[in-house]
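Peer 1: Below is the file work26.cif, which contains mmCIF, C-alpha atoms.
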```cif
data_entry
loop_
_atom_site.label_atom_id
_atom_site.label_comp_id
_atom_site.auth_asym_id
_atom_site.auth_seq_id
_atom_site.Cartn_x
_atom_site.Cartn_y
_atom_site.Cartn_z
CA MET Z 1 -2.32 -21.96 -29.43
CA PRO Z 2 -3.65 -23.12 -32.83
CA PRO Z 3 -4.90 -26.72 -33.15
CA SER Z 4 -2.15 -27.53 -35.64
CA SER Z 5 0.52 -26.96 -33.00
CA SER Z 6 3.58 -29.22 -33.15
CA LEU Z 7 2.70 -30.31 -29.61
CA HIS Z 8 0.12 -32.66 -31.11
CA LEU Z 9 2.51 -35.46 -31.97
CA SER Z 10 0.85 -38.49 -30.40
CA LEU Z 11 -2.69 -39.47 -29.36
CA HIS Z 12 -3.17 -42.60 -27.23
CA THR Z 13 -6.61 -43.54 -25.92
CA GLU Z 14 -6.42 -47.31 -26.22
CA ASN Z 15 -8.37 -49.55 -23.84
CA ASN Z 16 -10.45 -46.66 -22.50
CA GLY Z 17 -13.94 -47.80 -23.45
CA LEU Z 18 -14.44 -44.82 -25.74
CA SER Z 19 -17.59 -44.87 -27.82
CA SER Z 20 -19.15 -42.60 -30.45
CA SER Z 21 -17.11 -41.89 -33.62
CA ILE Z 22 -13.99 -40.12 -34.82
CA PRO Z 23 -14.78 -36.46 -35.58
CA PRO Z 24 -13.55 -35.05 -38.90
CA GLU Z 25 -11.92 -32.30 -36.87
CA LEU Z 26 -9.16 -34.78 -36.00
CA SER Z 27 -7.54 -33.55 -39.21
CA LEU Z 28 -6.82 -30.23 -37.47
CA LEU Z 29 -4.07 -32.02 -35.54
CA SER Z 30 -1.88 -31.59 -38.57
CA SER Z 31 1.35 -32.58 -36.80
CA LEU Z 32 -0.05 -35.84 -35.45
CA LYS Z 33 2.36 -38.72 -35.92
CA HIS Z 34 0.95 -41.50 -33.75
CA LEU Z 35 -2.77 -42.35 -33.51
CA ASP Z 36 -3.73 -45.27 -31.26
CA LEU Z 37 -7.44 -45.78 -30.49
CA ASN Z 38 -7.43 -49.56 -30.37
CA ASN Z 39 -9.71 -51.67 -28.17
CA ASN Z 40 -12.53 -49.20 -27.62
CA ASP Z 41 -16.17 -49.09 -28.71
CA ILE Z 42 -15.79 -46.54 -31.47
CA THR Z 43 -18.35 -46.85 -34.27
CA GLY Z 44 -19.15 -45.16 -37.54
CA ILE Z 45 -16.77 -44.62 -40.40
CA ILE Z 46 -13.09 -43.75 -40.58
CA PRO Z 47 -13.33 -40.11 -41.73
CA SER Z 48 -11.78 -39.29 -45.07
CA GLU Z 49 -10.20 -36.24 -43.46
CA ILE Z 50 -7.66 -38.57 -41.90
CA GLY Z 51 -5.81 -38.31 -45.19
CA LEU Z 52 -4.88 -34.74 -44.27
CA LEU Z 53 -2.55 -35.98 -41.52
CA GLN Z 54 0.58 -35.80 -43.61
CA HIS Z 55 2.94 -36.54 -40.69
CA LEU Z 56 1.10 -39.68 -39.54
CA ASN Z 57 3.40 -42.71 -39.36
CA TYR Z 58 1.40 -44.99 -37.04
CA ILE Z 59 -2.33 -45.73 -36.94
CA ASN Z 60 -4.03 -48.38 -34.81
CA LEU Z 61 -7.84 -48.43 -34.86
CA SER Z 62 -8.15 -52.16 -34.21
CA HIS Z 63 -10.81 -53.84 -32.04
CA ASN Z 64 -13.53 -51.26 -32.55
CA ASP Z 65 -16.71 -51.25 -34.61
CA PHE Z 66 -15.77 -49.21 -37.65
CA LYS Z 67 -17.95 -49.82 -40.70
CA ASN Z 68 -17.98 -48.85 -44.34
CA GLU Z 69 -14.89 -48.85 -46.53
CA ILE Z 70 -11.29 -47.96 -45.76
CA PRO Z 71 -11.07 -44.35 -46.97
CA ASN Z 72 -8.87 -44.07 -50.01
CA SER Z 73 -7.53 -40.83 -48.58
CA LEU Z 74 -5.66 -42.85 -45.92
CA PHE Z 75 -3.16 -43.75 -48.61
CA ASN Z 76 -2.28 -40.06 -48.96
CA CYS Z 77 -0.47 -40.37 -45.60
CA SER Z 78 2.80 -41.14 -47.32
CA LYS Z 79 4.83 -41.43 -44.09
CA LEU Z 80 2.78 -44.31 -42.70
CA GLN Z 81 4.87 -47.20 -41.41
CA TYR Z 82 2.26 -49.10 -39.41
CA ILE Z 83 -1.44 -49.70 -40.15
CA ASP Z 84 -3.71 -51.80 -37.93
CA LEU Z 85 -7.43 -51.69 -38.76
CA SER Z 86 -8.08 -55.29 -37.75
CA ASN Z 87 -11.11 -56.58 -35.85
CA ASN Z 88 -13.68 -54.14 -37.15
CA ASN Z 89 -16.53 -54.42 -39.65
CA LEU Z 90 -14.85 -52.76 -42.61
CA VAL Z 91 -16.18 -53.67 -46.05
CA GLY Z 92 -15.15 -53.19 -49.66
CA SER Z 93 -11.82 -54.01 -51.23
CA ILE Z 94 -8.21 -53.15 -50.42
CA SER Z 95 -7.13 -50.26 -52.62
CA SER Z 96 -4.20 -50.72 -54.97
CA ASN Z 97 -3.00 -47.37 -53.61
CA ILE Z 98 -1.66 -49.23 -50.59
CA GLY Z 99 1.37 -49.86 -52.78
CA SER Z 100 2.23 -46.14 -52.64
CA LEU Z 101 3.01 -46.26 -48.90
CA LEU Z 102 6.64 -47.15 -49.46
CA ASP Z 103 7.68 -46.87 -45.80
CA LEU Z 104 5.16 -49.45 -44.55
CA THR Z 105 6.56 -52.19 -42.32
CA SER Z 106 3.27 -53.68 -41.06
CA ILE Z 107 -0.26 -54.01 -42.47
CA ALA Z 108 -3.05 -55.60 -40.40
CA LEU Z 109 -6.54 -55.63 -41.92
CA SER Z 110 -7.64 -58.99 -40.56
CA ASN Z 111 -11.03 -59.90 -39.12
CA ASN Z 112 -13.11 -57.59 -41.27
CA VAL Z 113 -15.53 -58.14 -44.16
CA LEU Z 114 -13.14 -57.24 -46.96
CA VAL Z 115 -13.62 -58.68 -50.44
CA GLY Z 116 -11.78 -58.62 -53.74
CA SER Z 117 -8.21 -59.60 -54.38
CA VAL Z 118 -4.91 -59.16 -52.57
CA PRO Z 119 -3.43 -56.10 -54.30
CA ARG Z 120 -0.37 -56.94 -56.36
CA GLU Z 121 0.97 -53.48 -55.50
CA ILE Z 122 1.93 -54.84 -52.08
CA GLY Z 123 4.98 -56.12 -53.90
CA ASN Z 124 6.21 -52.50 -54.09
CA LEU Z 125 6.68 -52.37 -50.32
CA SER Z 126 10.33 -53.21 -49.86
CA PHE Z 127 10.29 -52.55 -46.08
CA LEU Z 128 7.15 -54.57 -45.35
CA GLU Z 129 7.75 -57.19 -42.65
CA SER Z 130 4.23 -58.23 -41.61
CA LEU Z 131 1.16 -58.77 -43.80
CA SER Z 132 -2.04 -59.81 -41.97
CA LEU Z 133 -5.14 -60.05 -44.15
CA HIS Z 134 -6.60 -63.17 -42.58
CA GLU Z 135 -10.25 -63.85 -41.77
CA ASN Z 136 -11.83 -61.83 -44.54
CA TYR Z 137 -13.51 -62.80 -47.81
CA LEU Z 138 -10.61 -62.16 -50.15
CA SER Z 139 -10.56 -64.16 -53.37
CA GLY Z 140 -8.37 -64.83 -56.37
CA PRO Z 141 -4.75 -65.99 -56.37
CA ILE Z 142 -1.89 -64.84 -54.18
CA PRO Z 143 -0.32 -62.29 -56.56
CA PRO Z 144 3.20 -63.30 -57.61
CA GLU Z 145 4.29 -59.68 -57.14
CA ILE Z 146 3.98 -60.17 -53.38
CA TYR Z 147 7.21 -62.18 -53.51
CA ASN Z 148 9.05 -58.97 -54.43
CA ALA Z 149 8.47 -57.72 -50.85
CA THR Z 150 11.60 -59.49 -49.68
CA SER Z 151 11.61 -58.03 -46.15
CA LEU Z 152 8.48 -60.02 -45.28
CA ARG Z 153 8.75 -62.07 -42.10
CA SER Z 154 5.09 -62.92 -41.62
CA ILE Z 155 2.32 -63.66 -44.15
CA ARG Z 156 -1.10 -64.36 -42.67
CA LEU Z 157 -3.75 -64.95 -45.31
CA PHE Z 158 -5.68 -67.76 -43.67
CA LYS Z 159 -9.48 -68.09 -43.65
CA ASN Z 160 -10.21 -66.37 -46.95
CA THR Z 161 -11.31 -67.88 -50.27
CA LEU Z 162 -8.00 -67.55 -52.11
CA ASN Z 163 -7.29 -69.92 -54.97
CA GLY Z 164 -4.48 -70.73 -57.34
CA SER Z 165 -1.06 -72.09 -56.48
CA ILE Z 166 2.10 -71.02 -54.67
CA ASN Z 167 4.49 -69.41 -57.13
CA ASP Z 168 8.12 -70.59 -57.19
CA ASN Z 169 9.19 -66.98 -56.60
CA ILE Z 170 8.34 -67.51 -52.95
CA LYS Z 171 11.99 -68.56 -52.72
CA HIS Z 172 12.90 -64.85 -52.66
CA LEU Z 173 11.26 -64.38 -49.23
CA VAL Z 174 14.39 -65.46 -47.40
CA ASN Z 175 13.40 -63.65 -44.18
CA LEU Z 176 10.02 -65.36 -43.89
CA SER Z 177 9.33 -67.00 -40.52
CA GLN Z 178 5.53 -67.43 -40.75
CA LEU Z 179 3.52 -68.61 -43.75
CA LEU Z 180 -0.06 -69.06 -42.60
CA ILE Z 181 -2.31 -69.72 -45.62
CA GLN Z 182 -4.62 -72.41 -44.23
CA ASN Z 183 -8.38 -72.55 -44.82
CA ASN Z 184 -8.44 -71.31 -48.39
CA ASN Z 185 -8.98 -72.96 -51.78
CA LEU Z 186 -5.32 -73.07 -52.80
CA SER Z 187 -4.28 -75.91 -55.08
CA GLY Z 188 -1.40 -77.29 -57.12
CA THR Z 189 1.71 -78.81 -55.62
CA ILE Z 190 3.84 -77.59 -52.75
CA PRO Z 191 6.89 -76.10 -54.50
CA SER Z 192 10.17 -77.67 -53.46
CA VAL Z 193 11.77 -74.19 -53.37
CA ILE Z 194 9.96 -73.67 -50.08
CA GLY Z 195 12.87 -75.62 -48.62
CA GLN Z 196 15.06 -72.57 -49.30
CA LEU Z 197 13.21 -70.48 -46.71
CA GLU Z 198 15.64 -71.31 -43.92
CA GLN Z 199 14.11 -68.85 -41.42
CA LEU Z 200 10.66 -70.45 -41.64
CA GLU Z 201 9.26 -71.46 -38.25
CA PHE Z 202 5.53 -71.88 -38.90
CA LEU Z 203 4.13 -73.41 -42.09
CA TYR Z 204 0.34 -73.83 -42.11
CA ILE Z 205 -1.07 -75.04 -45.42
CA ASN Z 206 -3.88 -77.21 -44.05
CA HIS Z 207 -7.49 -77.15 -45.26
CA ASN Z 208 -6.69 -76.39 -48.88
CA GLU Z 209 -6.63 -78.45 -52.08
CA PHE Z 210 -2.91 -79.10 -52.48
CA GLN Z 211 -1.99 -82.24 -54.40
CA GLY Z 212 1.06 -84.38 -55.04
CA THR Z 213 3.77 -85.39 -52.63
CA ILE Z 214 5.30 -83.55 -49.71
CA PRO Z 215 8.65 -82.24 -50.98
CA ASN Z 216 11.72 -83.66 -49.24
CA ALA Z 217 13.21 -80.14 -49.31
CA ILE Z 218 11.03 -79.23 -46.33
CA GLY Z 219 13.64 -81.20 -44.38
CA ASN Z 220 16.00 -78.25 -44.93
CA LEU Z 221 13.85 -76.03 -42.71
CA VAL Z 222 15.87 -76.54 -39.55
CA ASN Z 223 14.05 -73.75 -37.66
CA LEU Z 224 10.60 -75.18 -38.30
CA ARG Z 225 8.43 -75.41 -35.17
CA ALA Z 226 5.01 -76.31 -36.60
CA LEU Z 227 4.00 -77.95 -39.89
CA TYR Z 228 0.29 -78.40 -40.58
CA MET Z 229 -0.45 -80.19 -43.87
CA HIS Z 230 -3.72 -82.01 -43.12
CA SER Z 231 -7.03 -81.74 -44.97
CA ASN Z 232 -5.49 -81.56 -48.45
CA PHE Z 233 -5.08 -84.09 -51.25
CA LEU Z 234 -1.43 -84.84 -50.54
CA GLN Z 235 -0.08 -88.36 -50.78
CA GLY Z 236 3.08 -90.42 -50.39
CA ASN Z 237 5.63 -90.75 -47.63
CA VAL Z 238 6.93 -88.07 -45.31
CA SER Z 239 10.69 -88.37 -45.81
CA SER Z 240 13.19 -89.16 -43.09
CA SER Z 241 14.79 -85.73 -43.64
CA ILE Z 242 11.51 -84.11 -42.57
CA CYS Z 243 11.10 -86.53 -39.67
CA ASN Z 244 14.59 -85.60 -38.49
CA LEU Z 245 13.32 -82.09 -37.82
CA ARG Z 246 11.44 -83.56 -34.86
CA GLU Z 247 14.84 -83.88 -33.18
CA VAL Z 248 15.46 -80.13 -33.50
CA PHE Z 249 12.64 -77.59 -33.03
CA LEU Z 250 9.66 -79.20 -34.78
CA GLU Z 251 7.04 -79.87 -32.10
CA ASN Z 252 3.83 -80.23 -34.12
CA MET Z 253 3.42 -81.97 -37.47
CA TRP Z 254 -0.06 -82.85 -38.67
CA ALA Z 255 -0.97 -84.75 -41.83
CA ASP Z 256 -3.64 -87.00 -43.35
CA CYS Z 257 -1.99 -90.14 -41.99
CA LYS Z 258 -4.85 -91.80 -40.11
CA GLY Z 259 -6.29 -95.20 -40.91
CA THR Z 260 -5.15 -98.49 -42.43
CA SER Z 261 -4.60 -96.98 -45.91
CA PRO Z 262 -3.73 -93.33 -45.29
CA SER Z 263 -3.03 -90.98 -48.18
CA VAL Z 264 0.10 -89.81 -46.37
CA VAL Z 265 2.44 -92.25 -44.64
CA CYS Z 266 4.08 -90.53 -41.69
CA GLU Z 267 5.92 -92.27 -38.89
CA CYS Z 268 6.79 -89.07 -37.03
CA CYS Z 269 3.62 -86.95 -37.23
CA THR Z 270 2.27 -85.75 -33.90
CA LYS Z 271 -1.35 -85.92 -35.10
CA CYS Z 272 -3.02 -87.81 -37.94
CA PHE Z 273 -6.26 -86.99 -39.75
CA GLY Z 274 -8.37 -88.96 -42.18
CA GLU Z 275 -10.70 -91.94 -42.19
CA SER Z 276 -10.19 -94.63 -39.58
#
```
Show me this structure written as structure tokens.
Peer 2:
Amino acid sequence: MPPSSSLHLSLHTENNGLSSSIPPELSLLSSLKHLDLNNNDITGIIPSEIGLLQHLNYINLSHNDFKNEIPNSLFNCSKLQYIDLSNNNLVGSISSNIGSLLDLTSIALSNNVLVGSVPREIGNLSFLESLSLHENYLSGPIPPEIYNATSLRSIRLFKNTLNGSINDNIKHLVNLSQLLIQNNNLSGTIPSVIGQLEQLEFLYINHNEFQGTIPNAIGNLVNLRALYMHSNFLQGNVSSSICNLREVFLENMWADCKGTSPSVVCECCTKCFGES
């Protein structure tokens, strides 16, 4: 039977302690739809021949030791819905061609050594629900085009070197439940339109350079479970409408409210930071 047989639909070897590298001959499995090699000891590069797998809709190579760049040919796999290349040693930038994978629902490239900007073409991905690019060395602003991906439920961009502000168009992400953008160099004010994201459960904006007051509109986020605002340049009072969330689901709220003259006055925070 030829190696391109339709029997080759799925390949699972996760958690098997595999080592060595992926052979280019993998491309001979032309009907492969599902490739899961996560949590092994595979090294080397991701072969460019992987772009020949035109039926591939799922790829998980996470928790290995892949090096070099993400092959641009991967973005020829137009049926891809799920990509997880996290927890490797991949370098280089994220290709703008990622925006051509119109069926994508999840992208995970976190915990690598990626540089450059967040591609604005991600905004083309109308089915995208999860975007995880955290713990890299990405720089530049969060592209406003990303707010066109209105199916997004989770944005994880923390521990990069992103700068700029949060665009008001974030209000279009009405399905968003996680916004984790802590440990960057983001600045400007927290837009009040964030209070329109009624599905939001986790809002982590700590360890940035945000200024101004904490918008009262955050009090509209009735599903909020954790709000981390500390280690910024915020000031003023946390409103009673926000404090009232502590009576619903909000379990953790951290701010710079420590000391005799805190920058943020908060009577309901669960943890305060700042000078004593």
Peer 1: Using all atoms listed in the file, which residue out of Z:Ser93, Z:Ser100, Z:Gln81, Z:Ser165 lies closest to Tyr137 of chain Z?
Peer 2: Z:Ser93
Peer 1: Identify all residues satisfying the PyMOL selection byres ((chain Z and resi 178) around 7) in the given file; provide them as a PyMOL selection string.
Peer 2: chain Z and resi 153-155+176-177+179-180+200-203
Peer 1: On this file, the PyMOL selection byres ((chain Z and resi 44-49) around 8) gives some set of residues; write that set as a ChimeraX atom specification.
Peer 2: /Z:20-27,42-43,50-53,65-74
Peer 1: Skip segment 205-219 of chain Z itself and residues of its chain fewer than 3 positions away, then list as a list in words all residues within 7 Å of it, counting all atoms listed in the file.
Peer 2: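 Returned residues: Leu180, Ile181, Gln182, Asn183, Asn184, Asn185, Leu186, Ser187, Gly188, Thr189, Ile190, Ser192, Ile194, Gly195, Tyr228, Met229, His230, Ser231, Asn232, Phe233, Leu234, Gln235, Gly236, Val238, Ser239, Ser241, Ile242 and Leu245 of chain Z.
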Peer 1: Measuring atom to atom with all atoms listed in the file, identify which of Z:His34, Z:Arg246, Z:Lys79, Z:Arg156 is nearest to Leu61 of chain Z.
Peer 2: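 Under the stated criterion, the closest residue is Z:His34.
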Peer 1: Evaluate the PyMOL selection byres ((chain Z and resi 59) around 12) on the structure here and hand back the selected residues as a ChimeraX atom specification.
Peer 2: /Z:10-12,14,32-38,46,50-51,53,55-58,60-62,74-75,77,79-86,104,106-109
Peer 1: Can you put N, CA and C atoms back into segment 232-246 of chain Z and show it as a short mmCIF file (atom, residue, chain, number, x, y, z; two decimals), in the frame of the given file?
Peer 2:
```
data_model
loop_
_atom_site.label_atom_id
_atom_site.label_comp_id
_atom_site.auth_asym_id
_atom_site.auth_seq_id
_atom_site.Cartn_x
_atom_site.Cartn_y
_atom_site.Cartn_z
N ASN Z 232 -5.83 -81.86 -47.06
CA ASN Z 232 -5.49 -81.56 -48.45
C ASN Z 232 -5.66 -82.85 -49.25
N PHE Z 233 -5.07 -82.88 -50.43
CA PHE Z 233 -5.08 -84.09 -51.25
C PHE Z 233 -3.66 -84.59 -51.46
N LEU Z 234 -2.81 -84.40 -50.47
CA LEU Z 234 -1.43 -84.84 -50.54
C LEU Z 234 -1.34 -86.35 -50.37
N GLN Z 235 -0.25 -86.91 -50.87
CA GLN Z 235 -0.08 -88.36 -50.78
C GLN Z 235 1.41 -88.71 -50.72
N GLY Z 236 1.69 -89.95 -50.43
CA GLY Z 236 3.08 -90.42 -50.39
C GLY Z 236 3.64 -90.44 -48.99
N ASN Z 237 4.93 -90.62 -48.91
CA ASN Z 237 5.63 -90.75 -47.63
C ASN Z 237 6.23 -89.43 -47.18
N VAL Z 238 6.18 -89.18 -45.89
CA VAL Z 238 6.93 -88.07 -45.31
C VAL Z 238 8.36 -88.57 -45.14
N SER Z 239 9.31 -87.88 -45.75
CA SER Z 239 10.69 -88.37 -45.81
C SER Z 239 11.36 -88.34 -44.44
N SER Z 240 12.42 -89.12 -44.35
CA SER Z 240 13.19 -89.16 -43.09
C SER Z 240 13.83 -87.80 -42.81
N SER Z 241 14.16 -87.05 -43.86
CA SER Z 241 14.79 -85.73 -43.64
C SER Z 241 13.80 -84.79 -42.95
N ILE Z 242 12.52 -84.91 -43.26
CA ILE Z 242 11.51 -84.11 -42.57
C ILE Z 242 11.32 -84.62 -41.15
N CYS Z 243 11.26 -85.95 -41.02
CA CYS Z 243 11.10 -86.53 -39.67
C CYS Z 243 12.26 -86.14 -38.75
N ASN Z 244 13.44 -85.97 -39.31
CA ASN Z 244 14.59 -85.60 -38.49
C ASN Z 244 14.44 -84.24 -37.84
N LEU Z 245 13.56 -83.41 -38.41
CA LEU Z 245 13.32 -82.09 -37.82
C LEU Z 245 12.68 -82.20 -36.44
N ARG Z 246 12.06 -83.34 -36.17
CA ARG Z 246 11.44 -83.56 -34.86
C ARG Z 246 12.50 -83.60 -33.75
#
```
